[in-house]
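Here's protein28.txt, which has compact mmCIF, C-alpha atoms:
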# COMPACT_ATOMS: atom_id res chain seq x y z
CA MET A 347 95.43 107.75 57.49
CA SER A 348 92.80 110.51 57.47
CA SER A 349 91.05 111.77 60.59
CA ARG A 350 87.85 110.09 59.43
CA ASP A 351 89.65 106.76 58.99
CA ARG A 352 91.26 107.10 62.42
CA LYS A 353 87.85 107.78 63.96
CA LYS A 354 86.37 104.69 62.33
CA CYS A 355 89.36 102.60 63.33
CA SER A 356 89.18 103.69 66.96
CA ALA A 357 85.59 102.52 67.10
CA ARG A 358 86.27 99.01 65.83
CA CYS A 359 89.95 98.10 66.34
CA ARG A 360 93.14 98.88 68.20
CA LEU A 361 95.06 102.02 67.38
CA ASP A 362 98.56 101.44 65.98
CA VAL A 363 100.89 103.54 68.12
CA LEU A 364 104.65 104.05 67.80
CA ILE A 365 106.76 105.01 70.82
CA VAL A 366 110.05 106.69 69.88
CA ASP A 367 112.72 107.06 72.58
CA ASP A 368 116.45 106.38 72.64
CA ASP A 369 116.05 104.95 76.17
CA PRO A 370 114.91 101.33 75.59
CA MET A 371 113.50 101.09 79.12
CA ILE A 372 110.99 103.88 78.47
CA GLY A 373 109.81 102.22 75.28
CA LEU A 374 109.43 98.85 76.98
CA LEU A 375 107.67 100.39 79.99
CA LEU A 376 105.07 102.10 77.82
CA GLN A 377 104.72 99.18 75.45
CA GLY A 378 104.05 96.83 78.34
CA GLY A 379 101.77 99.14 80.28
CA ILE A 380 99.51 100.63 77.63
CA ASP A 381 96.15 98.87 77.29
CA ALA A 382 96.71 96.09 74.73
CA GLU A 383 92.99 95.82 74.00
CA ARG A 384 92.86 99.38 72.70
CA PHE A 385 96.40 99.93 71.40
CA SER A 386 98.92 97.99 69.34
CA VAL A 387 102.26 99.47 70.42
CA SER A 388 105.55 99.38 68.52
CA VAL A 389 108.85 100.85 69.71
CA ALA A 390 111.69 102.63 67.90
CA ASN A 391 114.92 103.50 69.72
CA SER A 392 116.14 106.15 67.28
CA GLY A 393 114.77 108.88 65.07
CA SER A 394 116.08 107.17 61.95
CA ASP A 395 114.33 103.92 62.84
CA ALA A 396 111.12 105.81 63.58
CA ILE A 397 111.11 107.58 60.22
CA ALA A 398 111.81 104.31 58.38
CA MET A 399 109.03 102.51 60.28
CA CYS A 400 106.53 105.26 59.51
CA GLU A 401 107.44 105.13 55.83
CA ALA A 402 107.07 101.35 55.78
CA SER A 403 103.73 101.18 57.56
CA GLY A 404 101.13 103.70 58.58
CA PHE A 405 100.67 104.42 62.27
CA ASP A 406 97.60 106.03 63.80
CA PHE A 407 99.69 107.92 66.34
CA VAL A 408 103.28 108.52 67.44
CA VAL A 409 104.79 109.50 70.81
CA VAL A 410 108.27 110.87 70.11
CA ASP A 411 111.08 111.95 72.44
CA TYR A 412 112.44 115.44 71.83
CA GLN A 413 116.13 114.84 72.54
CA MET A 414 117.77 111.89 70.79
CA PRO A 415 121.18 111.38 69.18
CA GLY A 416 121.25 111.46 65.40
CA LYS A 417 117.78 112.27 64.11
CA SER A 418 116.12 114.35 66.82
CA GLY A 419 112.50 114.43 67.83
CA LEU A 420 112.03 117.52 65.67
CA ASP A 421 113.44 115.64 62.66
CA VAL A 422 110.93 112.87 63.28
CA ALA A 423 108.18 115.47 63.76
CA MET A 424 108.86 116.95 60.32
CA ALA A 425 108.58 113.50 58.75
CA LEU A 426 105.33 112.82 60.63
CA ARG A 427 103.92 116.16 59.55
CA ARG A 428 104.62 115.36 55.90
CA ARG A 429 102.82 112.04 56.27
CA LYS A 430 100.00 113.64 58.30
CA ILE A 431 100.50 111.29 61.25
CA PRO A 432 99.36 112.88 64.55
CA PHE A 433 101.87 112.90 67.39
CA VAL A 434 102.78 114.26 70.81
CA MET A 435 106.26 115.24 71.96
CA LEU A 436 107.91 113.69 75.00
CA SER A 437 110.65 115.54 76.88
CA ALA A 438 112.57 115.51 80.15
CA TYR A 439 112.46 119.31 80.23
CA ALA A 440 109.50 121.56 81.02
CA GLU A 441 110.75 124.36 78.80
CA THR A 442 108.49 126.77 76.95
CA ARG A 443 111.02 127.01 74.11
CA ILE A 444 110.89 123.27 73.46
CA GLU A 445 107.11 123.19 73.71
CA GLN A 446 106.85 126.02 71.17
CA GLN A 447 109.22 124.24 68.80
CA ALA A 448 107.14 121.08 69.07
CA ALA A 449 103.93 123.01 68.43
CA ARG A 450 105.40 124.66 65.33
CA GLN A 451 106.14 121.21 63.92
CA GLY A 452 102.54 120.12 64.51
CA ALA A 453 102.71 118.37 67.89
CA LEU A 454 99.27 117.93 69.43
CA GLY A 455 100.59 117.66 72.98
CA TYR A 456 103.71 117.90 75.14
CA LEU A 457 104.45 115.36 77.88
CA ILE A 458 107.09 115.74 80.59
CA LYS A 459 109.00 112.66 81.74
CA PRO A 460 108.51 110.55 83.69
CA VAL A 461 105.15 109.50 82.27
CA THR A 462 102.90 106.57 83.03
CA PRO A 463 101.16 104.42 80.42
CA LYS A 464 97.80 105.84 81.54
CA GLN A 465 99.05 109.39 80.99
CA VAL A 466 100.13 108.45 77.49
CA GLU A 467 96.77 106.83 76.74
CA LEU A 468 94.95 109.98 77.86
CA ALA A 469 97.32 112.16 75.81
CA ILE A 470 96.65 110.07 72.70
CA TYR A 471 92.87 110.35 72.98
CA THR A 472 93.06 114.06 73.79
CA ALA A 473 95.37 114.70 70.84
CA LEU A 474 93.18 112.74 68.40
CA ALA A 475 90.14 114.75 69.51
CA ARG A 476 92.12 117.95 68.95
CA ALA A 477 93.22 116.73 65.51
CA GLU A 478 89.58 116.18 64.59
CA GLU A 479 88.73 119.71 65.71
CA ILE A 480 91.60 121.15 63.66
CA THR A 481 90.41 119.24 60.58
CA ASN A 482 86.90 120.61 61.01
CA LEU A 483 88.26 124.16 61.37
CA GLU A 484 90.33 123.75 58.22
CA ARG A 485 87.30 122.53 56.34
CA ALA A 486 85.25 125.46 57.58
CA ALA A 487 87.97 127.85 56.42
CA GLU A 488 87.92 126.26 52.98
CA VAL A 489 84.17 126.86 52.68
CA SER A 490 84.54 130.57 52.05
CA GLY A 491 84.76 132.90 49.06
CA ILE A 492 84.58 131.28 45.63
CA VAL A 493 85.02 127.83 47.18
CA GLY A 494 81.99 128.49 49.35
CA VAL A 495 79.94 129.42 46.27
CA ALA A 496 81.02 126.22 44.49
CA VAL A 497 80.19 124.15 47.57
CA GLY A 498 76.72 125.68 47.61
CA LEU A 499 76.19 124.79 43.95
CA VAL A 500 77.28 121.20 44.55
CA MET A 501 74.95 121.01 47.54
CA GLY A 502 72.05 122.07 45.34
CA ALA A 503 72.94 119.81 42.42
CA PHE A 504 73.40 116.67 44.51
CA GLU A 505 71.09 117.54 47.43
CA CYS A 506 73.85 116.82 49.93
CA SER A 507 75.33 118.42 53.03
CA ARG A 508 78.07 121.07 53.05
CA MET A 509 80.71 118.60 54.23
CA GLN A 510 79.67 116.06 51.60
CA ALA A 511 79.85 118.73 48.89
CA LEU A 512 83.31 119.81 50.05
CA ASP A 513 84.49 116.20 50.15
CA THR A 514 83.19 115.76 46.58
CA LEU A 515 85.19 118.74 45.36
CA ARG A 516 88.32 117.64 47.18
CA ALA A 517 88.00 114.11 45.79
CA PHE A 518 87.73 115.61 42.31
CA CYS A 519 90.82 117.79 42.82
CA ARG A 520 93.25 115.28 44.32
CA PRO A 521 93.88 112.88 41.39
CA ARG A 522 94.06 115.82 38.99
CA ASN A 523 96.51 117.84 41.13
CA ARG A 524 94.26 120.87 40.95
CA THR A 525 93.39 123.39 43.65
CA LEU A 526 89.96 123.87 45.16
CA LYS A 527 90.02 127.51 44.16
CA HIS A 528 90.77 126.77 40.51
CA VAL A 529 88.10 124.07 40.22
CA SER A 530 85.60 126.25 42.08
CA LEU A 531 86.11 129.09 39.60
CA GLU A 532 85.44 126.75 36.70
CA ILE A 533 82.34 125.32 38.39
CA VAL A 534 80.87 128.77 39.04
CA ASN A 535 81.60 129.92 35.48
CA LEU A 536 80.12 126.75 34.00
CA TYR A 537 77.03 127.02 36.18
CA GLU A 538 76.44 130.65 35.21
CA MET A 539 76.81 129.88 31.50
CA ARG A 540 74.39 126.94 31.66
CA LEU A 541 71.99 128.94 33.81
CA SER A 542 71.78 131.76 31.28
CA SER A 543 71.31 129.42 28.32
CA GLY A 544 69.20 126.58 29.71
CA GLY A 545 67.99 127.40 33.19
CA ALA A 546 68.68 125.92 36.65
CA ALA A 547 68.04 122.29 35.67
CA ALA A 548 70.52 122.48 32.81
CA ALA A 549 73.03 124.21 35.07
CA CYS A 550 72.82 121.40 37.63
CA GLU A 551 73.21 118.74 34.94
CA GLY A 552 76.22 120.57 33.57
CA LEU A 553 77.74 120.61 37.04
CA LYS A 554 77.21 116.87 37.42
CA ASP A 555 78.77 116.23 34.02
CA TYR A 556 81.76 118.38 34.94
CA LEU A 557 82.40 116.45 38.14
CA ASN A 558 81.80 113.16 36.30
CA ILE A 559 79.90 111.64 39.23
CA ALA A 560 77.06 109.29 38.45
CA ALA A 561 75.57 109.12 41.93
CA SER A 562 74.87 111.73 44.54
CA PRO A 563 77.55 111.93 47.30
CA LYS A 564 74.92 111.21 49.91
CA ASN A 565 74.33 107.79 48.35
CA GLU A 566 78.00 106.76 48.09

Write the structure described by the file as C-alpha cells, please.
Amino acid sequence: MSSRDRKKCSARCRLDVLIVDDDPMIGLLLQGGIDAERFSVSVANSGSDAIAMCEASGFDFVVVDYQMPGKSGLDVAMALRRRKIPFVMLSAYAETRIEQQAARQGALGYLIKPVTPKQVELAIYTALARAEEITNLERAAEVSGIVGVAVGLVMGAFECSRMQALDTLRAFCRPRNRTLKHVSLEIVNLYEMRLSSGGAAAACEGLKDYLNIAASPKNE
C-alpha cells in the first residue's frame, strides 16, 4: 500500500497492524490493549509466520521483535522493505548497534521493551508521518536534472502541479518497466523536435500523444 493510500485509509478506516513477537503474551497484550476503533491488530509468533502473513495480505504497519528464533526481526524487516510496508523494531535491548541495524533495514522507529499499547499507537502514528516525509523527500529528489525538465514540460502541457506531473510520469513508467530518466530524455527530445517544427502548441500535443493520456492529470 502506498503512502497516499495509507493516508486515505487512516482518515476513513482502521489501520491493519501486525505485531510480531515470539512471546505470545506480548502479542496478546498489545492486541488487546491497542485501540480497536483505530487499529485492526493481528499477531504472528514467528518471523516465518509474519513473512507469510504479509505475503498473503497487505498490512498498513508492522511492529516486529528484533530477536526471535528462526527468522529474526532483521529477516522480517528485509521482507517488509521489499514489500514497502512501514515498520518499527521492538527490542529488549537499548543498544546502538541494534538500532543502527534496524535503521539500515528501513525501520521507522525503535521501541524498548516493555512497551504499553499507547506507546505502540504513538510509535505507529509517528512512523507513518515520518514515512510520508521520506516519500516527499524522495519525490523532491526525483524532480531534478533531466527529470525536472520533463516534469516542467508535463506541467505546462497538462496545466497541473509538480507532484501531479511527476505522478503522471511515474504511472507511465511502471507498466512499461522503464526508468524516469530514460522516459524524461525521450520527452525532452520529442518536445524540442516538435517545438522547432511546429511551435509550442504542437510540442504540447506531441507530449500528450507520447504519454497517451486523454485527460489532464488534474481532472483524473

Notebook entry, point to check: Excluding same-chain residues fewer than 2 positions from Ile372 in chain A, what lies within 12 Å of it counting all atoms listed in the file, as a VMD selection string?
Noted result: chain A and resid 365 to 370 374 to 380 389 to 391 409 to 411 436 to 438 459 to 463 466

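Proximity ranking of A:Gly545, A:Gly502, A:Gly552, A:Gly404 relative to Lys430 in chain A places A:Gly404 first, based on only C-alpha atoms.
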
Next item on the list: Could you tell me how far CA of Ala448 in chain A lies from CA of Ser386 in chain A, in Å and to one decimal?
Entry: 24.5 Å

Notebook entry, point to check: Which distance in Å separates CA of Ala546 in chain A and CA of Ala503 in chain A, to one decimal?
Noted result: 9.4 Å

Check: Near Glu445 in chain A, counting only C-alpha atoms, which residues have an atom at most 10 Å away, once you skip same-chain residues fewer than 6 positions from it, shown as a ChimeraX atom specification?
Finding: /A:412,435-437,439,453,455-457

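Proximity of A:Ser403, A:Thr472, A:Ser507, A:Ser392 to Ser418 in chain A, computed with only C-alpha atoms, is greatest for A:Ser392.
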
Margin query: Which residues are near range 490-496 of chain A? Cut-off 7 Å, all atoms listed in the file, ignore same chain within fewer than 5 positions. Put them as a list in words.
Written below: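 My list of contacting residues is Leu526, Lys527, Ser530, Leu531, Ile533 and Val534 of chain A.
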
Item checked: For CA of Val363 in chain A and CA of Met509 in chain A, the interatomic separation in Å (one decimal) ->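 Separating CA of Val363 in chain A from CA of Met509 in chain A is a distance of 28.8 Å.
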
Note to self: My list of candidates is A:Gly452, A:Arg508, A:Arg360, A:Pro432. Which is closest to Ala475 in chain A when distances are computed with only C-alpha atoms?
What the structure shows: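 Among A:Gly452, A:Arg508, A:Arg360, A:Pro432, it is A:Pro432 that comes nearest to Ala475 in chain A.
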
Notebook entry, point to check: Looking at A:Asp395, A:Glu467, A:Glu478, A:Asp555, which one is nearest to Val500 in chain A, with distances taken over all atoms listed in the file?
Noted result: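 Among A:Asp395, A:Glu467, A:Glu478, A:Asp555, it is A:Asp555 that comes nearest to Val500 in chain A.
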
Can you tell me, as AutoDock Vina command-line options, the centre and edge lengths (Å, one decimal) of the axis-aligned box enclosing all of range 540-550 of chain A's listed atoms after padding each side by 4 Å?
--center_x 71.2 --center_y 126.6 --center_z 33.0 --size_x 14.4 --size_y 18.4 --size_z 17.3
